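**Q** The file below is model_25.cif, mmCIF, C-alpha atoms:
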data_run
#
loop_
_atom_site.group_PDB
_atom_site.id
_atom_site.type_symbol
_atom_site.label_atom_id
_atom_site.label_comp_id
_atom_site.auth_asym_id
_atom_site.auth_seq_id
_atom_site.Cartn_x
_atom_site.Cartn_y
_atom_site.Cartn_z
ATOM 1 C CA MET A 1 -7.548 -52.718 26.560
ATOM 2 C CA LEU A 2 -8.214 -49.179 27.824
ATOM 3 C CA ALA A 3 -4.602 -48.199 27.244
ATOM 4 C CA LEU A 4 -4.736 -49.619 23.745
ATOM 5 C CA LEU A 5 -7.905 -47.690 22.882
ATOM 6 C CA LEU A 6 -6.396 -44.454 24.142
ATOM 7 C CA THR A 7 -3.293 -45.013 22.064
ATOM 8 C CA VAL A 8 -5.303 -45.622 18.934
ATOM 9 C CA GLY A 9 -7.401 -42.544 19.639
ATOM 10 C CA CYS A 10 -4.320 -40.339 19.968
ATOM 11 C CA ALA A 11 -2.884 -41.705 16.751
ATOM 12 C CA SER A 12 -6.135 -40.920 14.958
ATOM 13 C CA ASP A 13 -6.155 -37.344 16.276
ATOM 14 C CA THR A 14 -2.555 -36.902 15.169
ATOM 15 C CA GLU A 15 -3.358 -38.176 11.696
ATOM 16 C CA ARG A 16 -6.281 -35.771 11.413
ATOM 17 C CA GLU A 17 -4.109 -32.866 12.506
ATOM 18 C CA GLU A 18 -1.434 -33.813 9.981
ATOM 19 C CA SER A 19 -4.029 -34.132 7.225
ATOM 20 C CA ALA A 20 -5.484 -30.717 8.096
ATOM 21 C CA ALA A 21 -2.004 -29.160 8.097
ATOM 22 C CA LYS A 22 -1.224 -30.656 4.673
ATOM 23 C CA HIS A 23 -4.544 -29.384 3.354
ATOM 24 C CA ALA A 24 -3.799 -25.874 4.661
ATOM 25 C CA ASP A 25 -0.342 -26.034 3.084
ATOM 26 C CA ARG A 26 -1.869 -26.903 -0.295
ATOM 27 C CA VAL A 27 -4.235 -23.946 -0.040
ATOM 28 C CA LYS A 28 -1.340 -21.639 0.811
ATOM 29 C CA ILE A 29 0.809 -22.945 -2.040
ATOM 30 C CA HIS A 30 -1.907 -22.271 -4.612
ATOM 31 C CA ALA A 31 -2.691 -18.846 -3.114
ATOM 32 C CA ASP A 32 1.002 -17.893 -3.121
ATOM 33 C CA LEU A 33 1.383 -19.057 -6.707
ATOM 34 C CA GLY A 34 -1.665 -17.017 -7.643
ATOM 35 C CA ALA A 35 -0.119 -13.940 -6.057
ATOM 36 C CA THR A 36 3.178 -14.522 -7.883
ATOM 37 C CA TYR A 37 1.503 -14.903 -11.265
ATOM 38 C CA LEU A 38 -0.607 -11.814 -10.554
ATOM 39 C CA VAL A 39 2.539 -9.763 -9.902
ATOM 40 C CA HIS A 40 3.949 -10.966 -13.241
ATOM 41 C CA ASN A 41 0.673 -10.080 -15.009
ATOM 42 C CA LYS A 42 -0.085 -13.696 -15.940
ATOM 43 C CA LEU A 43 -3.718 -13.271 -15.051
ATOM 44 C CA ASP A 44 -5.069 -16.479 -16.551
ATOM 45 C CA ILE A 45 -2.640 -18.676 -14.623
ATOM 46 C CA ALA A 46 -3.168 -16.600 -11.479
ATOM 47 C CA GLN A 47 -6.886 -17.205 -11.764
ATOM 48 C CA GLN A 48 -6.388 -20.960 -12.127
ATOM 49 C CA GLU A 49 -4.220 -21.112 -9.010
ATOM 50 C CA LEU A 50 -6.570 -18.981 -6.929
ATOM 51 C CA GLU A 51 -9.617 -20.932 -8.041
ATOM 52 C CA ARG A 52 -7.824 -24.121 -6.978
ATOM 53 C CA ALA A 53 -7.029 -22.594 -3.572
ATOM 54 C CA LEU A 54 -10.654 -21.597 -3.077
ATOM 55 C CA GLU A 55 -11.889 -25.019 -4.191
ATOM 56 C CA LEU A 56 -9.795 -26.493 -1.405
ATOM 57 C CA ASN A 57 -10.992 -23.886 1.112
ATOM 58 C CA PRO A 58 -13.580 -21.307 0.042
ATOM 59 C CA ASP A 59 -13.145 -19.501 3.373
ATOM 60 C CA ASP A 60 -9.377 -18.988 3.204
ATOM 61 C CA SER A 61 -8.822 -15.318 3.976
ATOM 62 C CA GLN A 62 -5.615 -14.759 2.026
ATOM 63 C CA ALA A 63 -6.829 -16.620 -1.061
ATOM 64 C CA ASN A 64 -9.939 -14.433 -1.081
ATOM 65 C CA ASN A 65 -7.801 -11.331 -0.597
ATOM 66 C CA ILE A 66 -5.619 -12.129 -3.595
ATOM 67 C CA MET A 67 -8.632 -13.133 -5.654
ATOM 68 C CA GLY A 68 -10.068 -9.713 -4.871
ATOM 69 C CA LEU A 69 -6.944 -8.093 -6.312
ATOM 70 C CA LEU A 70 -7.197 -10.268 -9.404
ATOM 71 C CA GLN A 71 -10.841 -9.343 -9.921
ATOM 72 C CA ILE A 72 -9.883 -5.660 -9.841
ATOM 73 C CA ARG A 73 -7.437 -6.325 -12.671
ATOM 74 C CA LEU A 74 -10.180 -8.164 -14.543
ATOM 75 C CA LYS A 75 -12.509 -5.169 -13.975
ATOM 76 C CA ASN A 76 -15.012 -7.259 -12.024
ATOM 77 C CA ASP A 77 -15.721 -4.808 -9.204
ATOM 78 C CA ASP A 78 -18.653 -6.715 -7.706
ATOM 79 C CA LYS A 79 -16.651 -9.933 -7.466
ATOM 80 C CA ALA A 80 -13.664 -8.072 -6.067
ATOM 81 C CA GLU A 81 -15.756 -6.614 -3.267
ATOM 82 C CA GLN A 82 -17.296 -9.994 -2.488
ATOM 83 C CA HIS A 83 -13.880 -11.593 -2.105
ATOM 84 C CA PHE A 84 -12.500 -8.766 0.021
ATOM 85 C CA ARG A 85 -15.518 -8.908 2.312
ATOM 86 C CA ARG A 86 -15.194 -12.670 2.670
ATOM 87 C CA ALA A 87 -11.471 -12.352 3.431
ATOM 88 C CA ILE A 88 -12.252 -9.886 6.210
ATOM 89 C CA ARG A 89 -15.207 -11.843 7.529
ATOM 90 C CA GLU A 90 -13.169 -15.020 7.854
ATOM 91 C CA GLN A 91 -10.132 -13.245 9.349
ATOM 92 C CA PRO A 92 -10.966 -9.804 10.758
ATOM 93 C CA ASP A 93 -7.307 -9.132 11.634
ATOM 94 C CA ASN A 94 -6.128 -9.614 8.030
ATOM 95 C CA SER A 95 -4.835 -6.072 7.721
ATOM 96 C CA ASP A 96 -3.487 -6.641 4.210
ATOM 97 C CA ALA A 97 -6.985 -7.531 3.035
ATOM 98 C CA ARG A 98 -8.473 -4.506 4.806
ATOM 99 C CA ASN A 99 -5.844 -2.217 3.269
ATOM 100 C CA ASN A 100 -6.449 -3.618 -0.214
ATOM 101 C CA PHE A 101 -10.208 -3.296 0.217
ATOM 102 C CA ALA A 102 -9.780 0.268 1.479
ATOM 103 C CA VAL A 103 -7.713 1.246 -1.570
ATOM 104 C CA PHE A 104 -10.378 -0.344 -3.785
ATOM 105 C CA LEU A 105 -13.095 1.685 -2.040
ATOM 106 C CA CYS A 106 -11.114 4.924 -2.173
ATOM 107 C CA GLU A 107 -10.481 4.605 -5.900
ATOM 108 C CA ARG A 108 -14.261 4.465 -6.305
ATOM 109 C CA ASN A 109 -14.715 7.592 -4.154
ATOM 110 C CA ARG A 110 -16.287 5.655 -1.271
ATOM 111 C CA PHE A 111 -14.161 7.643 1.131
ATOM 112 C CA GLU A 112 -15.855 6.985 4.461
ATOM 113 C CA ASP A 113 -16.034 3.237 3.854
ATOM 114 C CA ALA A 114 -12.365 3.295 2.880
ATOM 115 C CA ASP A 115 -11.420 5.248 6.005
ATOM 116 C CA GLU A 116 -13.192 2.679 8.169
ATOM 117 C CA GLN A 117 -11.200 -0.158 6.607
ATOM 118 C CA PHE A 118 -7.883 1.710 6.844
ATOM 119 C CA ARG A 119 -8.438 2.424 10.522
ATOM 120 C CA ALA A 120 -9.403 -1.178 11.242
ATOM 121 C CA ALA A 121 -6.241 -2.383 9.501
ATOM 122 C CA LEU A 122 -4.058 0.062 11.435
ATOM 123 C CA LYS A 123 -5.546 -0.942 14.808
ATOM 124 C CA ASN A 124 -3.947 -4.359 14.459
ATOM 125 C CA PRO A 125 -0.675 -4.275 16.460
ATOM 126 C CA LEU A 126 0.650 -7.177 14.366
ATOM 127 C CA TYR A 127 0.177 -5.364 11.051
ATOM 128 C CA LYS A 128 3.492 -5.761 9.238
ATOM 129 C CA SER A 129 3.191 -2.662 7.025
ATOM 130 C CA PRO A 130 1.674 0.155 9.105
ATOM 131 C CA ASP A 131 3.742 2.772 7.271
ATOM 132 C CA GLN A 132 2.279 1.778 3.911
ATOM 133 C CA GLY A 133 -1.199 1.524 5.403
ATOM 134 C CA ASN A 134 -0.916 5.041 6.786
ATOM 135 C CA VAL A 135 0.412 6.352 3.460
ATOM 136 C CA ASN A 136 -2.498 4.789 1.592
ATOM 137 C CA ALA A 137 -4.938 6.240 4.117
ATOM 138 C CA GLY A 138 -3.301 9.653 3.742
ATOM 139 C CA LEU A 139 -3.465 9.551 -0.043
ATOM 140 C CA CYS A 140 -7.129 8.634 0.208
ATOM 141 C CA ARG A 141 -7.850 11.589 2.498
ATOM 142 C CA LEU A 142 -6.074 13.842 -0.016
ATOM 143 C CA ARG A 143 -8.327 12.473 -2.725
ATOM 144 C CA ALA A 144 -11.277 13.293 -0.476
ATOM 145 C CA GLY A 145 -9.973 16.862 0.000
ATOM 146 C CA ASP A 146 -9.093 16.449 3.678
ATOM 147 C CA LYS A 147 -5.507 17.741 3.913
ATOM 148 C CA LYS A 148 -5.479 17.937 7.719
ATOM 149 C CA GLN A 149 -6.325 14.274 8.228
ATOM 150 C CA ALA A 150 -4.041 13.300 5.350
ATOM 151 C CA ALA A 151 -1.119 14.978 7.123
ATOM 152 C CA ALA A 152 -1.968 13.087 10.318
ATOM 153 C CA PHE A 153 -1.733 9.788 8.460
ATOM 154 C CA PHE A 154 1.547 10.764 6.782
ATOM 155 C CA ARG A 155 3.044 11.727 10.139
ATOM 156 C CA ALA A 156 1.936 8.373 11.554
ATOM 157 C CA ALA A 157 3.643 6.654 8.625
ATOM 158 C CA LEU A 158 6.874 8.505 9.426
ATOM 159 C CA GLN A 159 6.660 7.430 13.049
ATOM 160 C CA SER A 160 6.660 3.815 11.836
ATOM 161 C CA ASN A 161 9.288 4.424 9.168
ATOM 162 C CA PRO A 162 11.140 7.774 9.182
ATOM 163 C CA ARG A 163 12.423 7.079 5.660
ATOM 164 C CA GLN A 164 8.992 6.466 4.101
ATOM 165 C CA ALA A 165 9.550 8.304 0.829
ATOM 166 C CA THR A 166 5.942 8.919 -0.178
ATOM 167 C CA ALA A 167 5.075 10.301 3.246
ATOM 168 C CA LEU A 168 8.118 12.601 3.177
ATOM 169 C CA TYR A 169 7.241 13.922 -0.283
ATOM 170 C CA GLN A 170 3.598 14.479 0.605
ATOM 171 C CA MET A 171 4.495 16.271 3.854
ATOM 172 C CA ALA A 172 6.905 18.487 1.905
ATOM 173 C CA ARG A 173 4.164 19.303 -0.585
ATOM 174 C CA LEU A 174 1.554 19.989 2.088
ATOM 175 C CA SER A 175 4.003 22.168 4.021
ATOM 176 C CA PHE A 176 4.810 24.130 0.861
ATOM 177 C CA GLU A 177 1.140 24.638 0.062
ATOM 178 C CA SER A 178 0.463 25.918 3.572
ATOM 179 C CA GLY A 179 3.403 28.356 3.420
ATOM 180 C CA GLU A 180 5.580 26.489 5.938
ATOM 181 C CA MET A 181 8.737 26.716 3.842
ATOM 182 C CA LEU A 182 11.333 25.696 6.426
ATOM 183 C CA SER A 183 9.295 22.630 7.268
ATOM 184 C CA ALA A 184 8.941 21.894 3.555
ATOM 185 C CA ARG A 185 12.714 22.192 3.116
ATOM 186 C CA GLY A 186 13.287 19.749 5.964
ATOM 187 C CA PHE A 187 10.943 17.154 4.482
ATOM 188 C CA VAL A 188 12.476 17.618 1.017
ATOM 189 C CA GLN A 189 15.982 17.061 2.351
ATOM 190 C CA ARG A 190 14.857 13.950 4.209
ATOM 191 C CA TYR A 191 13.148 12.728 1.051
ATOM 192 C CA PHE A 192 16.351 12.913 -0.990
ATOM 193 C CA GLU A 193 18.219 11.062 1.750
ATOM 194 C CA ALA A 194 15.690 8.231 1.508
ATOM 195 C CA ALA A 195 14.780 8.033 -2.189
ATOM 196 C CA LYS A 196 16.045 8.561 -5.711
ATOM 197 C CA ASP A 197 15.491 11.797 -7.589
ATOM 198 C CA THR A 198 12.153 12.178 -9.322
ATOM 199 C CA PRO A 199 11.062 15.092 -11.504
ATOM 200 C CA GLU A 200 8.168 15.831 -9.149
ATOM 201 C CA ALA A 201 10.388 16.016 -6.081
ATOM 202 C CA LEU A 202 13.075 18.090 -7.807
ATOM 203 C CA LEU A 203 10.572 20.659 -9.036
ATOM 204 C CA LEU A 204 9.041 20.877 -5.564
ATOM 205 C CA ALA A 205 12.507 21.320 -4.045
ATOM 206 C CA PHE A 206 13.245 24.107 -6.536
ATOM 207 C CA ARG A 207 9.985 25.874 -5.682
ATOM 208 C CA VAL A 208 10.671 25.598 -1.945
ATOM 209 C CA GLU A 209 14.149 27.095 -2.292
ATOM 210 C CA ARG A 210 12.821 29.789 -4.581
ATOM 211 C CA ALA A 211 10.270 30.760 -1.934
ATOM 212 C CA LEU A 212 13.120 30.915 0.589
ATOM 213 C CA ASN A 213 15.191 33.007 -1.866
ATOM 214 C CA ALA A 214 18.039 30.489 -1.681
ATOM 215 C CA LYS A 215 19.627 31.033 -5.097
ATOM 216 C CA ASP A 216 22.378 28.409 -4.852
ATOM 217 C CA ALA A 217 19.949 25.700 -3.778
ATOM 218 C CA GLN A 218 17.527 26.712 -6.542
ATOM 219 C CA ALA A 219 20.271 26.368 -9.121
ATOM 220 C CA LYS A 220 21.311 22.980 -7.758
ATOM 221 C CA TYR A 221 17.832 21.500 -8.020
ATOM 222 C CA ALA A 222 17.196 23.117 -11.411
ATOM 223 C CA LEU A 223 20.417 21.609 -12.752
ATOM 224 C CA ARG A 224 19.486 18.152 -11.485
ATOM 225 C CA LEU A 225 16.004 18.367 -12.962
ATOM 226 C CA ARG A 226 17.235 19.540 -16.363
ATOM 227 C CA GLY A 227 20.090 17.048 -16.400
ATOM 228 C CA LYS A 228 18.194 13.941 -15.331
ATOM 229 C CA PHE A 229 14.705 14.555 -16.716
ATOM 230 C CA PRO A 230 15.063 17.011 -19.616
ATOM 231 C CA ASP A 231 11.891 15.871 -21.392
ATOM 232 C CA SER A 232 9.643 15.692 -18.340
ATOM 233 C CA ALA A 233 6.579 17.847 -17.780
ATOM 234 C CA GLU A 234 8.328 19.190 -14.674
ATOM 235 C CA ALA A 235 11.315 20.361 -16.744
ATOM 236 C CA LYS A 236 8.879 22.267 -18.962
ATOM 237 C CA GLN A 237 7.297 23.825 -15.881
ATOM 238 C CA LEU A 238 10.758 24.813 -14.681
ATOM 239 C CA ARG A 239 11.416 26.606 -17.973
ATOM 240 C CA SER A 240 8.174 28.531 -17.578
ATOM 241 C CA LEU A 241 9.163 29.515 -14.043
ATOM 242 C CA THR A 242 12.695 30.584 -14.882
ATOM 243 C CA GLY A 243 12.235 31.792 -18.454
ATOM 244 C CA TYR A 244 15.009 29.546 -19.780
#
Produce structure tokens that represent the structure in this file.
**A**
Amino acid sequence: MLALLLTVGCASDTEREESAAKHADRVKIHADLGATYLVHNKLDIAQQELERALELNPDDSQANNIMGLLQIRLKNDDKAEQHFRRAIREQPDNSDARNNFAVFLCERNRFEDADEQFRAALKNPLYKSPDQGNVNAGLCRLRAGDKKQAAAFFRAALQSNPRQATALYQMARLSFESGEMLSARGFVQRYFEAAKDTPEALLLAFRVERALNAKDAQAKYALRLRGKFPDSAEAKQLRSLTGY
């Protein structure tokens, strides 16, 4: 009889575990669908899926994270912050949620709060996107007027991913602004090895080579800018710099 009771007990535990796993899978499916619809700008359907996920589990960290992103799109800042905070409270190592919350805070000029969330996200050794987290933190410090700390974040991003295009462009720009032209040239060249031409990057490259008095390189970048982006604001700036 004892053996029989133990067997029944184990079966019951197994059934509960399977039921819990199925429940968690349902939450994840609805949260993932919500994220997909959000990416495709189908906000009403995204909201339905995320509400269903949170009905099944109001404490699910990722569902709250994505709901926070949706609430930003719906211009409900208070609700967005509530969902981000709940996502972090329920799963403190959810670095994606911390990064998203930090970007939200930075865009509202809450720079110190944003910095705290960025740093907490980046402390997680399992964070899958440390290069993007560092780039976002660097852009936020630029917005706050702190170029020195911004550069530190961009350099950290490049340690994680040497081909991180935004970090390369921003380091080129910061180097140019500080008069470090050879360093700026190096970052510009690395940028074009990692990313497609943009009018912003081509104009910066032209200005760097002009400062270095490298006429052939200037002409090369000017030609690319005029040829690829003739109607851009940067092409107009180029004409004002060159007189033609």
**Q** Do a neighbour search on segment 128-139 of chain A at 9 Å with all atoms listed in the file, toss out local chain neighbours closer than 2 positions, and write the hits as a PyMOL selection string.
**A** chain A and resi 95-96+99+102-103+106+114-115+118-119+121-122+124-126+141-144+146-147+149-161+164+166-167+170
**Q** Could you state which residues are captured by the PyMOL selection byres ((chain A and resi 54) around 12) in this file, as a VMD selection string?
**A** chain A and resid 23 to 24 26 to 31 34 47 to 53 55 to 67 83 86 to 87
**Q** Could you check the closest approach to Cys140 of chain A for each of A:Arg163, A:Lys196, A:Arg108, A:Lys123 and tell me which residue wins, using all atoms listed in the file?
**A**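 Ranking A:Arg163, A:Lys196, A:Arg108, A:Lys123 by distance to Cys140 of chain A, first place goes to A:Arg108.
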**Q** What does the distance from atom CA of Arg239 of chain A to atom CA of Ala205 of chain A come to in Å, to one decimal?
**A** 14.9 Å
**Q** Atom CA of Leu241 of chain A and atom CA of Arg190 of chain A are how many Å apart?
**A**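 Computing the Euclidean distance for atom CA of Leu241 of chain A and atom CA of Arg190 of chain A yields 24.7 Å.
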